[in-house]
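K.L.:
There's a structure below that I have some questions on.
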Amino acid sequence: NRTLYYITRGDSKNSLWEQPLDEDRPRFVADLGDKPIRNFAVAPDGDAFAYVRGEWLHNAVLISGLN
């Protein structure tokens with residue numbers, strides 16, 4: 001498979017695109033929402049993909065009185 005997959009971010013949303021290396025124009029694959037994309041992978045046959053999206057949440061909790 002000679003295809004490059006990439007993600008673009010525009011108008012506050014992420015889009016997955018594929019660019020076959022033997023064609024001039026990319027093809028839109030999917031809208032991935034507005035959360036930041038951390039990683040993605042395409043199945044070897046090109047029929048499926050997976051991605052991780054979201055924002056890091058950092059919380060601190062103080063627990064006292066356990067003695």
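We name chains A, B, ... following the order of the structure tokens; residues begin at 1 in each chain, and ligands are numbered from 1 as shown.
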Step one, run DSSP on the backbone; step two, keep only residues of chain A assigned to strand (DSSP E or B); then write them as a ChimeraX atom specification.
P.N.:
/A:3-10,13-20,27-31,37-42,49-53
K.L.:
Would you put the residues from that selection into a file with N, CA, C and O atoms, as a short mmCIF file (atom, residue, chain, number, x, y, z; two decimals), in the first residue's frame?
P.N.:
```cif
data_model
loop_
_atom_site.label_atom_id
_atom_site.label_comp_id
_atom_site.auth_asym_id
_atom_site.auth_seq_id
_atom_site.Cartn_x
_atom_site.Cartn_y
_atom_site.Cartn_z
N THR A 3 0.26 4.61 0.37
CA THR A 3 -0.62 5.71 0.74
C THR A 3 -0.11 6.36 2.01
O THR A 3 0.28 5.68 2.95
N LEU A 4 -0.12 7.68 2.02
CA LEU A 4 0.26 8.45 3.19
C LEU A 4 -1.01 8.93 3.88
O LEU A 4 -1.90 9.48 3.23
N TYR A 5 -1.13 8.68 5.18
CA TYR A 5 -2.27 9.16 5.96
C TYR A 5 -1.78 10.28 6.86
O TYR A 5 -0.71 10.19 7.44
N TYR A 6 -2.59 11.33 6.99
CA TYR A 6 -2.20 12.45 7.84
C TYR A 6 -3.43 13.15 8.39
O TYR A 6 -4.54 13.00 7.88
N ILE A 7 -3.21 13.92 9.46
CA ILE A 7 -4.29 14.63 10.13
C ILE A 7 -4.06 16.13 9.96
O ILE A 7 -2.94 16.62 10.14
N THR A 8 -5.13 16.84 9.63
CA THR A 8 -5.09 18.29 9.58
C THR A 8 -6.02 18.85 10.65
O THR A 8 -6.96 18.18 11.06
N ARG A 9 -5.72 20.05 11.10
CA ARG A 9 -6.58 20.71 12.08
C ARG A 9 -6.96 22.07 11.51
O ARG A 9 -6.11 22.89 11.19
N GLY A 10 -8.25 22.29 11.35
CA GLY A 10 -8.75 23.55 10.83
C GLY A 10 -10.15 23.81 11.35
O GLY A 10 -10.92 22.88 11.59
N LYS A 13 -11.39 21.62 14.26
CA LYS A 13 -11.67 20.19 14.15
C LYS A 13 -10.53 19.49 13.43
O LYS A 13 -9.79 20.10 12.67
N ASN A 14 -10.40 18.20 13.71
CA ASN A 14 -9.36 17.38 13.11
C ASN A 14 -9.96 16.54 12.00
O ASN A 14 -11.06 16.00 12.15
N SER A 15 -9.22 16.41 10.92
CA SER A 15 -9.66 15.60 9.79
C SER A 15 -8.56 14.63 9.40
O SER A 15 -7.39 15.01 9.36
N LEU A 16 -8.94 13.40 9.12
CA LEU A 16 -8.00 12.40 8.64
C LEU A 16 -8.09 12.35 7.12
O LEU A 16 -9.18 12.27 6.56
N TRP A 17 -6.94 12.39 6.46
CA TRP A 17 -6.85 12.38 5.01
C TRP A 17 -5.93 11.25 4.56
O TRP A 17 -5.03 10.85 5.30
N GLU A 18 -6.14 10.80 3.35
CA GLU A 18 -5.22 9.84 2.73
C GLU A 18 -4.74 10.40 1.40
O GLU A 18 -5.50 11.02 0.67
N GLN A 19 -3.46 10.20 1.15
CA GLN A 19 -2.86 10.67 -0.09
C GLN A 19 -2.18 9.49 -0.77
O GLN A 19 -1.06 9.11 -0.41
N PRO A 20 -2.87 8.86 -1.73
CA PRO A 20 -2.19 7.82 -2.50
C PRO A 20 -1.01 8.44 -3.25
O PRO A 20 -1.14 9.52 -3.84
N ARG A 27 -7.67 12.44 -0.35
CA ARG A 27 -9.08 12.11 -0.14
C ARG A 27 -9.40 12.23 1.35
O ARG A 27 -8.64 11.74 2.20
N PHE A 28 -10.53 12.85 1.65
CA PHE A 28 -11.00 12.96 3.02
C PHE A 28 -11.44 11.58 3.50
O PHE A 28 -12.15 10.87 2.80
N VAL A 29 -11.01 11.20 4.72
CA VAL A 29 -11.37 9.89 5.28
C VAL A 29 -12.40 10.04 6.40
O VAL A 29 -13.43 9.38 6.39
N ALA A 30 -12.12 10.94 7.38
CA ALA A 30 -13.03 11.04 8.52
C ALA A 30 -12.82 12.33 9.29
O ALA A 30 -11.73 12.89 9.32
N ASP A 31 -13.89 12.77 9.93
CA ASP A 31 -13.85 13.88 10.88
C ASP A 31 -13.54 13.27 12.25
O ASP A 31 -14.26 12.39 12.71
N ILE A 37 -5.46 15.20 18.88
CA ILE A 37 -5.14 13.82 18.51
C ILE A 37 -3.75 13.50 19.03
O ILE A 37 -2.78 14.20 18.72
N ARG A 38 -3.64 12.46 19.82
CA ARG A 38 -2.36 12.06 20.41
C ARG A 38 -1.60 11.09 19.52
O ARG A 38 -0.38 11.10 19.46
N ASN A 39 -2.32 10.19 18.86
CA ASN A 39 -1.69 9.17 18.03
C ASN A 39 -2.74 8.54 17.14
O ASN A 39 -3.92 8.56 17.47
N PHE A 40 -2.33 8.00 16.01
CA PHE A 40 -3.26 7.23 15.19
C PHE A 40 -2.50 6.18 14.40
O PHE A 40 -1.29 6.27 14.21
N ALA A 41 -3.23 5.17 14.00
CA ALA A 41 -2.64 4.07 13.22
C ALA A 41 -3.68 3.57 12.23
O ALA A 41 -4.87 3.57 12.51
N VAL A 42 -3.19 3.15 11.07
CA VAL A 42 -4.05 2.59 10.03
C VAL A 42 -3.73 1.12 9.90
O VAL A 42 -2.57 0.72 9.93
N PHE A 49 -8.94 2.18 11.01
CA PHE A 49 -7.92 2.96 11.69
C PHE A 49 -8.34 3.14 13.14
O PHE A 49 -9.49 2.99 13.51
N ALA A 50 -7.37 3.46 13.97
CA ALA A 50 -7.61 3.73 15.39
C ALA A 50 -6.87 5.01 15.75
O ALA A 50 -5.84 5.33 15.16
N TYR A 51 -7.43 5.73 16.70
CA TYR A 51 -6.75 6.95 17.14
C TYR A 51 -7.03 7.20 18.61
O TYR A 51 -8.00 6.70 19.16
N VAL A 52 -6.14 7.96 19.22
CA VAL A 52 -6.26 8.35 20.62
C VAL A 52 -6.43 9.86 20.63
O VAL A 52 -5.62 10.57 20.05
N ARG A 53 -7.47 10.32 21.29
CA ARG A 53 -7.68 11.76 21.37
C ARG A 53 -8.07 12.15 22.79
O ARG A 53 -8.52 11.32 23.57
#
```
K.L.:
What is the CA of Asp11 (chain A)-CA of Lys35 (chain A) distance in Å, reported with one decimal?
P.N.:
12.2 Å
K.L.:
For CA of Pro36 (chain A) and CA of Leu21 (chain A), quote the distance in Å rounded to one decimal.
P.N.:
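According to the coordinates, CA of Pro36 (chain A) and CA of Leu21 (chain A) are separated by 26.7 Å.
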K.L.:
How far is it from CA of Ala60 (chain A) to CA of Gly33 (chain A), in Å with one decimal?
P.N.:
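Computed distance, CA of Ala60 (chain A) to CA of Gly33 (chain A), equals 28.3 Å.
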